[in-house]
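Structure file query.cif (mmCIF, C-alpha atoms) is printed below.
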data_model
#
loop_
_atom_site.label_atom_id
_atom_site.label_comp_id
_atom_site.auth_asym_id
_atom_site.auth_seq_id
_atom_site.Cartn_x
_atom_site.Cartn_y
_atom_site.Cartn_z
CA MET A 1 -89.84 -98.11 -79.60
CA HIS A 2 -87.11 -100.02 -81.41
CA PRO A 3 -84.07 -97.76 -81.93
CA PRO A 4 -82.72 -97.79 -85.51
CA GLU A 5 -79.18 -98.24 -84.19
CA ALA A 6 -80.16 -101.65 -82.82
CA GLY A 7 -80.78 -103.09 -86.30
CA HIS A 8 -84.03 -104.46 -87.67
CA PRO A 9 -86.85 -105.29 -85.27
CA VAL A 10 -87.17 -109.05 -84.70
CA VAL A 11 -90.71 -110.38 -85.11
CA ARG A 12 -91.99 -113.71 -83.81
CA PHE A 13 -95.11 -115.51 -84.95
CA ARG A 14 -96.40 -119.05 -84.51
CA HIS A 15 -97.40 -121.25 -87.41
CA CYS A 16 -97.60 -124.97 -88.13
CA GLY A 17 -96.74 -125.64 -84.49
CA LYS A 18 -93.47 -123.70 -84.51
CA ASN A 19 -92.11 -120.36 -83.31
CA ILE A 20 -90.76 -118.50 -86.31
CA TYR A 21 -88.57 -115.39 -86.11
CA CYS A 22 -87.93 -112.92 -88.92
CA PHE A 23 -87.50 -109.20 -89.63
CA ARG A 24 -90.85 -108.89 -91.38
CA VAL A 25 -93.91 -111.13 -91.59
CA PRO A 26 -93.91 -112.92 -94.98
CA ASP A 27 -96.97 -113.80 -97.03
CA PHE A 28 -96.15 -117.51 -96.81
CA CYS A 29 -94.86 -119.58 -93.91
CA PRO A 30 -91.14 -120.30 -94.52
CA VAL A 31 -91.55 -123.75 -92.94
CA CYS A 32 -94.71 -125.23 -94.50
CA HIS A 33 -94.94 -122.72 -97.42
CA GLN A 34 -98.66 -122.22 -96.87
CA PRO A 35 -100.30 -118.76 -96.86
CA LEU A 36 -100.05 -117.23 -93.42
CA SER A 37 -103.15 -116.76 -91.32
CA PHE A 38 -103.34 -116.33 -87.58
CA ARG A 39 -106.37 -117.85 -85.90
CA THR A 40 -105.52 -116.90 -82.32
CA LEU A 41 -103.80 -114.05 -80.53
CA ASP A 42 -101.12 -116.50 -79.40
CA GLU A 43 -100.15 -117.09 -83.05
CA ALA A 44 -100.15 -113.44 -84.10
CA PRO A 45 -96.90 -111.55 -84.78
CA VAL A 46 -95.20 -109.85 -81.83
CA THR A 47 -92.04 -107.76 -81.78
CA ILE A 48 -89.25 -109.06 -79.58
CA ALA A 49 -87.85 -106.33 -77.34
CA THR A 50 -84.18 -105.83 -78.09
CA PRO A 51 -81.73 -105.94 -75.17
CA LEU A 52 -79.51 -103.50 -77.10
CA ILE A 53 -80.36 -99.98 -76.03
CA HIS A 54 -79.54 -96.47 -77.25
CA GLY A 55 -77.26 -95.60 -74.36
CA HIS A 56 -77.53 -91.83 -74.80
CA GLN A 57 -81.25 -92.09 -74.05
CA GLU A 58 -80.57 -93.75 -70.69
CA GLN A 59 -80.40 -91.85 -67.41
CA CYS A 60 -78.21 -92.91 -64.47
CA ALA A 61 -77.26 -96.23 -66.03
CA PHE A 62 -74.30 -98.58 -66.27
CA LEU A 63 -73.61 -99.26 -69.96
CA LEU A 64 -71.61 -101.93 -71.77
CA LYS A 65 -70.54 -102.00 -75.40
CA PRO A 66 -67.75 -103.67 -77.42
CA THR A 67 -64.49 -101.73 -77.26
CA GLN A 68 -64.36 -102.05 -81.06
CA GLY A 69 -67.37 -102.31 -83.36
CA THR A 70 -70.94 -103.16 -82.35
CA PHE A 71 -72.71 -106.10 -80.75
CA LEU A 72 -74.77 -107.03 -83.81
CA ARG A 73 -71.99 -106.77 -86.38
CA GLU A 74 -68.52 -107.46 -85.02
CA TYR A 75 -68.82 -108.83 -81.49
CA ASP A 76 -67.77 -112.49 -81.22
CA GLY A 77 -68.39 -113.13 -77.52
CA ASN A 78 -64.70 -112.95 -76.62
CA ALA A 79 -63.75 -109.38 -77.51
CA ASP A 80 -63.20 -106.77 -74.82
CA LEU A 81 -66.13 -104.75 -73.53
CA HIS A 82 -66.02 -101.11 -72.50
CA VAL A 83 -68.25 -99.72 -69.75
CA GLY A 84 -69.45 -96.31 -68.65
CA ILE A 85 -71.98 -94.43 -66.53
CA THR A 86 -74.61 -92.05 -67.92
CA ASN A 87 -75.65 -88.79 -66.35
CA THR A 88 -79.24 -87.56 -66.44
CA HIS A 89 -78.75 -86.18 -69.97
CA GLY A 90 -77.39 -89.40 -71.51
CA THR A 91 -73.76 -88.29 -71.57
CA VAL A 92 -71.60 -91.37 -70.97
CA TYR A 93 -68.72 -90.91 -68.54
CA ASN A 94 -66.04 -93.53 -69.10
CA TYR A 95 -62.37 -94.13 -68.40
CA ASN A 96 -59.53 -95.51 -70.50
CA GLU A 97 -55.81 -95.02 -71.07
CA GLN A 98 -56.49 -91.43 -72.16
CA GLY A 99 -58.34 -90.59 -68.95
CA ILE A 100 -61.96 -89.59 -68.48
CA HIS A 101 -64.27 -89.18 -71.48
CA ARG A 102 -67.70 -87.61 -71.61
CA ASP A 103 -69.32 -89.09 -74.71
CA ASP A 104 -72.47 -87.77 -76.36
CA THR A 105 -72.17 -90.24 -79.25
CA GLY A 106 -70.82 -93.75 -79.73
CA TRP A 107 -73.02 -95.69 -77.28
CA GLU A 108 -76.07 -96.07 -79.50
CA GLU A 109 -76.01 -99.89 -79.24
CA SER A 110 -75.38 -100.79 -75.61
CA ILE A 111 -76.45 -103.09 -72.84
CA SER A 112 -77.96 -100.97 -70.08
CA ILE A 113 -78.30 -101.62 -66.35
CA GLN A 114 -80.40 -99.05 -64.50
CA LEU A 115 -78.74 -97.90 -61.29
CA LEU A 116 -81.62 -95.95 -59.74
CA GLN A 117 -85.18 -96.89 -58.89
CA PRO A 118 -87.83 -94.62 -60.48
CA ASN A 119 -88.75 -93.07 -57.12
CA MET A 120 -85.18 -92.04 -56.15
CA PHE A 121 -85.70 -88.39 -57.06
CA ARG A 122 -83.34 -86.92 -54.46
CA LEU A 123 -80.40 -88.98 -55.65
CA MET A 124 -81.25 -88.38 -59.32
CA TYR A 125 -81.27 -84.63 -58.65
CA ARG A 126 -77.68 -84.86 -57.33
CA TRP A 127 -76.44 -87.53 -59.73
CA ASP A 128 -74.78 -85.25 -62.29
CA LYS A 129 -72.92 -83.33 -59.57
CA TYR A 130 -71.70 -86.54 -57.94
CA LEU A 131 -70.60 -88.02 -61.26
CA GLU A 132 -68.75 -84.91 -62.41
CA GLU A 133 -66.96 -84.40 -59.09
CA PHE A 134 -66.00 -88.07 -58.90
CA SER A 135 -64.64 -88.04 -62.45
CA ALA A 136 -62.62 -84.85 -61.95
CA THR A 137 -60.30 -86.31 -59.30
CA ASP A 138 -56.71 -87.37 -59.92
CA ALA A 139 -57.73 -90.98 -59.30
CA TRP A 140 -58.74 -91.20 -62.97
CA SER A 141 -55.72 -89.60 -64.62
CA PRO A 142 -54.33 -91.37 -67.71
CA ASN A 143 -51.11 -92.43 -66.01
CA ARG A 144 -53.00 -94.51 -63.43
CA TYR A 145 -54.76 -96.63 -66.03
CA GLU A 146 -53.83 -100.33 -66.16
CA GLU A 147 -55.65 -102.48 -68.69
CA HIS A 148 -56.36 -105.43 -66.39
CA ARG A 149 -56.24 -103.91 -62.90
CA TYR A 150 -57.34 -100.28 -63.04
CA ASN A 151 -59.66 -99.74 -65.96
CA CYS A 152 -63.12 -98.67 -67.10
CA TYR A 153 -64.78 -101.29 -64.89
CA THR A 154 -62.79 -100.08 -61.87
CA TYR A 155 -63.98 -96.54 -62.55
CA ALA A 156 -67.66 -97.45 -62.96
CA LEU A 157 -67.84 -99.80 -60.00
CA THR A 158 -65.95 -97.38 -57.74
CA PHE A 159 -68.49 -94.69 -58.60
CA ILE A 160 -71.40 -97.03 -57.92
CA ASN A 161 -69.90 -97.96 -54.55
CA SER A 162 -69.36 -94.31 -53.68
CA ILE A 163 -73.08 -93.75 -54.22
CA LEU A 164 -73.96 -96.79 -52.14
CA ALA A 165 -71.69 -95.59 -49.34
CA ALA A 166 -73.25 -92.12 -49.40
CA GLU A 167 -76.66 -93.75 -49.11
CA GLY A 168 -75.53 -95.93 -46.21
CA ARG A 169 -75.87 -99.14 -48.22
CA HIS A 170 -73.63 -102.15 -48.60
CA GLN A 171 -71.01 -101.90 -51.31
CA LEU A 172 -70.55 -104.47 -54.09
CA ASP A 173 -67.37 -106.19 -55.14
CA LYS A 174 -66.70 -106.79 -58.83
CA ASN A 175 -67.69 -110.46 -58.80
CA LYS A 176 -70.98 -109.85 -57.01
CA PHE A 177 -71.94 -106.91 -59.21
CA THR A 178 -71.04 -108.84 -62.36
CA GLU A 179 -72.91 -111.97 -61.35
CA LYS A 180 -76.03 -110.20 -60.12
CA PHE A 181 -76.44 -107.45 -62.69
CA VAL A 182 -74.15 -107.91 -65.70
CA VAL A 183 -74.27 -111.64 -66.47
CA PRO A 184 -78.09 -111.88 -66.84
CA LYS A 185 -78.06 -108.96 -69.27
CA THR A 186 -75.14 -110.24 -71.34
CA LYS A 187 -76.64 -113.74 -71.54
CA ARG A 188 -79.88 -112.35 -72.89
CA ALA A 189 -77.99 -110.15 -75.34
CA ALA A 190 -75.95 -113.15 -76.55
CA LYS A 191 -79.15 -115.08 -77.31
CA TYR A 192 -80.58 -112.12 -79.17
CA ILE A 193 -77.39 -111.58 -81.21
CA THR A 194 -77.31 -115.28 -82.18
CA LEU A 195 -80.96 -115.11 -83.23
CA TYR A 196 -80.45 -111.88 -85.15
CA ARG A 197 -77.49 -113.22 -87.11
CA ALA A 198 -79.35 -116.43 -87.94
CA ILE A 199 -82.20 -114.39 -89.40
CA GLU A 200 -79.72 -112.29 -91.39
CA GLU A 201 -78.18 -115.45 -92.81
CA LYS A 202 -81.34 -117.41 -93.71
CA GLY A 203 -84.11 -114.83 -93.69
CA PHE A 204 -85.84 -116.54 -90.76
CA CYS A 205 -85.11 -118.71 -87.74
CA VAL A 206 -87.16 -121.50 -86.18
CA ILE A 207 -86.58 -122.23 -82.49
CA ASP A 208 -88.72 -123.61 -79.70
CA ARG A 209 -88.47 -120.72 -77.28
CA PHE A 210 -86.73 -117.36 -76.85
CA ASP A 211 -86.67 -115.82 -73.38
CA SER A 212 -87.51 -112.22 -74.01
CA THR A 213 -90.25 -109.72 -73.28
CA ALA A 214 -92.43 -109.31 -76.36
CA SER A 215 -94.78 -106.48 -77.26
CA HIS A 216 -97.50 -106.71 -79.87
CA SER A 217 -96.51 -105.24 -83.19
#
Could the structure of this file be written out as structure tokens, please?
Amino acid sequence: MHPPEAGHPVVRFRHCGKNIYCFRVPDFCPVCHQPLSFRTLDEAPVTIATPLIHGHQEQCAFLLKPTQGTFLREYDGNADLHVGITNTHGTVYNYNEQGIHRDDTGWEESISIQLLQPNMFRLMYRWDKYLEEFSATDAWSPNRYEEHRYNCYTYALTFINSILAAEGRHQLDKNKFTEKFVVPKTKRAAKYITLYRAIEEKGFCVIDRFDSTASHS
């Protein structure tokens, strides 16, 4: 299901030898201006899955969002990102200069990285307790916050590594975690945002290929 907070659903169909993206399927092809008809399943409209997720519907996830504004509207690719960790109820625990926050709103358009495999029931059962106890320590008091050295990313990654340590698994440094998990997600989101804004500007977009999972509309 496409969350309303993530903007209009993006639809792709193929016509006159091109991949055409829009928010709704028009009566006429915007390229050749002929009436649309789809002779094969490969040409038929499909909805492109958005990489921007309603964060409060995510369990045990690492979330990213712009510190100010939203990805689809204000984000320019250079602005600061804020990160947090969800509990099993979708509350987002995050850290800034004011200390720890437990947000039940404000993360409706996020990039999400799942931290648990579906079969990790034992750890999921304890997740909320671990997250609350970790967040309640003096390590995350407001006076310890430093924008570039001890920040929201420090908080989230330290929690993730505490879980890995408790499970007897290797910990991740910031560069490794970012490269392996964050960069692929943000690259895909950047492509989607560029596509979305192009459709907003012209009403449609014609490109050769868009790397995204599609589901039939």
Open item on the list: Could you check the closest approach to Gly7 (chain A) for each of A:His56, A:Arg197, A:Arg149, A:Lys185 and tell me which residue wins, using all atoms listed in the file?
Closed with: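 Closest candidate: A:Arg197.
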- [ ] Determine, counting only C-alpha atoms, every residue of protein, DNA or RNA that lies within 7 Å of (-83.3, -84.8, -62.8) in the file coordinates, then give the result as an MDAnalysis selection string.
- [x] chainID A and resid 88 124:125
TODO: Excluding region 67-74 of chain A and any residue of its chain fewer than 5 positions from it, enumerate the residues within 12 Å of it, using only C-alpha atoms, and give them as a PyMOL selection string.
DONE: chain A and resi 5-8+50-53+79-84+94-96+106-111+152+186+189-200
Open item on the list: Measuring between all atoms listed in the file, which one of A:Phe134, A:Phe204, A:Phe38, A:Phe28 shows the shortest distance to Arg14 (chain A)?
Closed with: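 The closest residue to Arg14 (chain A) is A:Phe38.
With only C-alpha atoms as the atoms that count, the minimum distance from Ile100 (chain A) to the choices A:Ser135, A:Gln117, A:Asn151, A:Asn143 is reached by A:Ser135.
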TODO: To one decimal in Å, tell me the separation between CA of Trp127 (chain A) and CA of Lys176 (chain A).
DONE: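 Interatomic distance here is 23.1 Å.
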Open item on the list: Restricting the calculation to all atoms listed in the file: of A:Arg39, A:His89, A:Arg188, A:His33, which residue gets closest to Glu58 (chain A)?
Closed with: A:His89
Open item on the list: Excluding Gln59 (chain A) and its own-chain neighbours fewer than 6 positions away, which residues fall within 9 Å of it when counting all atoms listed in the file? Please give them as a list of chain:residue names.
Closed with: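 The neighbour list is A:Ile85, A:Thr86, A:Asn87, A:Thr88, A:His89, A:Gly90, A:Thr91, A:Gln114, A:Leu115, A:Leu116, A:Met124.
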Open item on the list: Could you check the closest approach to Ala44 (chain A) for each of A:Lys187, A:His170, A:His15, A:Arg24 and tell me which residue wins, using only C-alpha atoms?
Closed with: A:His15
Open item on the list: Report, in Å to a single decimal, how far apart CA of Phe181 (chain A) and CA of Glu167 (chain A) are.
Closed with: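 Taking CA of Glu167 (chain A) and CA of Phe181 (chain A), their separation equals 19.3 Å.
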